[in-house]
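**Q** Okay, here's the structure, questions in a sec.
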Amino acid sequence: MTALAADAYTDANFTIGSAGTDTGEDGWVLNLDGAWITQQIAAVDQKLRVLEMPTQGSAVIEIGGVTSLDTAGAWLIHRTELALLERGNAVDCRSAIPAYARLLATVRANDAHTPEPPEPTNAFIAMIERVGRATVDAAVEAHDLINFLGHSVIVLGHSIVRPGHIRFTSLVHHIEQAGLNALPIVGLISFLIGIVLAFQGAEQLSKFGAEIFTVNIVAQGVLREMGVLLTAIILAGRSGSAFTAQIGTMKVREEVDAMRTIGLDPMQVLVLPRLWALVICLPLLTFYANLMGLLGGAIMATVTLDLTFFQFVRQLSGAVTLWTFWIGLIKAPVFGFIIGLVGCYEGMRVSGSAESVGRMTTRAVVEAIFLVIVLDALFSILFAILGV
């Protein structure tokens, strides 16, 4: 808030006089003088609030004596005008230099009525309302996601029947981005998890003199659950979010609409290569993660249990079956499909601005991880029922 004059600031003040004396007219006049700026108007503000004003006749606000004026002072003058008008006075503001007149006009033009805040509702009713609104939103989103799932399955089915519809250049690019470039982070995380499993297993089993079964814990944990689950979570955060950001940015730039205009199907051009890339990459990355997890467990077991590497391998061969190995790999393409599906779906929902891209990217990561964990739990129940 900047004052329109830089004179030596004096306290804002006002006096009331007779219009017949000062202007030759009937009514009364409010003479303003001094600096009507934020730092000087506190006292005059209180006086104006309790000022006893005549209720009839004309009123003149004479501001020729004002030496400085800023937005706060202009608002105070405008508020006084409104108070006089509400009392039935005819108000005339005079002697304003052009800069003051423009500021007063701006304040008058922007004096918008602020609606009253809504009445506070009962906290319990408000909570029920929020829960209901969230439930409806979740149902609508689930409906849209199922529609997108159906469309994606149809496109995938057509691509299997007619492989020529797959854009192999784009597919190879996404395999490199989602699979090859993810090898360092997937390998490191899996290696460390193998070390943690071996260390914790040895720590607990040593109390019973059964340290050798640490190998069983590492093998079952890595091959059945941790290898595929960690790989899926890493890809959800890394590739799923990238898919949403890429497609969302194209939506913001209206490139997706341009594709439809020239006869290209965004499902085949954008979604299909990404889905195939994750369906192919996740089993391969899971196999790699399993190897790194077992390697980490083997190193920790040889350190803490004084086992040789060959003893670890011999115990490992007896601790796992072929199904133990395949259970993790069977889940991998399903997880890859879900991560790609959610990433592309949220990217297609982007609209408006870059802020929408960020919001949908966050949603894609959260939803993909949530669905992966839910599916993993369902797979565990299924395999328990099947006895594998």
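In the structure tokens, the first chain shown is A, the next is B, and so on; residue numbers restart at 1 for each chain, and ligands run from 1 in the order shown.
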Per residue of range 237-299 of chain A within 8 Å of range 148-165 of chain A, what are the shortest atom pair and its distance in Å to one decimal, counting only C-alpha atoms, with rows by chain and residue number, as JSON lines?
**A**
{"residue": "A:Met267", "atom": "CA", "partner": "A:Val155", "partner_atom": "CA", "distance": 7.3}
{"residue": "A:Gln268", "atom": "CA", "partner": "A:Val155", "partner_atom": "CA", "distance": 7.0}
{"residue": "A:Val271", "atom": "CA", "partner": "A:Ser152", "partner_atom": "CA", "distance": 7.9}
{"residue": "A:Leu272", "atom": "CA", "partner": "A:Leu156", "partner_atom": "CA", "distance": 6.8}
**Q** I need the residues of range 13-158 of chain A that end up classed as strand (DSSP E or B) by DSSP on the backbone, written out as a ChimeraX atom specification.
**A** /A:13-18,28-36,58-69,90-94
**Q** Using only C-alpha atoms, what does the table of range 247-355 of chain A residues within 7 Å of range 366-385 of chain A look like, with each row giving the shortest atom pair and its distance in Å to one decimal, sorted by chain and ascending number, as JSON lines?
**A**
{"residue": "A:Phe335", "atom": "CA", "partner": "A:Val372", "partner_atom": "CA", "distance": 6.0}
{"residue": "A:Ile338", "atom": "CA", "partner": "A:Ala368", "partner_atom": "CA", "distance": 6.9}
{"residue": "A:Ile339", "atom": "CA", "partner": "A:Ala368", "partner_atom": "CA", "distance": 5.3}
{"residue": "A:Val342", "atom": "CA", "partner": "A:Ala368", "partner_atom": "CA", "distance": 6.1}
**Q** Mind checking which residues fall within 12 Å of range 190-196 of chain A, counting only C-alpha atoms, ignoring those fewer than 5 positions away in the same chain, and posting them as a ChimeraX atom specification?
**A** /A:183-185,201-203,214-223,225-234,285-304
**Q** Please indicate the distance in Å from CA of Arg108 in chain A to CA of Gly64 in chain A, rounded to one decimal place.
**A** 18.9 Å
**Q** Leaving out Ala109 in chain A and any residue of its chain fewer than 6 positions from it, which residues lie within 12 Å of it when counting only C-alpha atoms, given as a PyMOL selection string?
**A** chain A and resi 74-75+78+102-103
**Q** For Trp28 in chain A, which of A:Thr169, A:Arg133, A:Glu254, A:Val91 is the closest residue, counting only C-alpha atoms?
**A** A:Val91
**Q** Between A:Ile16, A:Leu264, A:Ile97, A:Ile37, which residue has the minimum interatomic distance to Leu51 in chain A, considering only C-alpha atoms?
**A**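 Among the listed residues, A:Ile16 lies closest to Leu51 in chain A.
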**Q** Can you tell me how far CA of Thr135 in chain A sits from CA of Cys344 in chain A, in Å to one decimal?
**A**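 Separation between CA of Thr135 in chain A and CA of Cys344 in chain A: 23.2 Å.
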**Q** If you count only C-alpha atoms, which residues fall within 7 Å of Gly34 in chain A, apart from same-chain ones fewer than 5 positions away, as number ranges by chain?
**A** A: 10-13, 65-67
**Q** Could you tell me how far CA of Phe213 in chain A lies from CA of Val320 in chain A, in Å and to one decimal?
**A** 11.7 Å
**Q** Which one is closest to Thr106 in chain A: A:Thr321, A:Gly88, A:Arg314, A:Thr71? Count only C-alpha atoms.
**A** A:Thr71
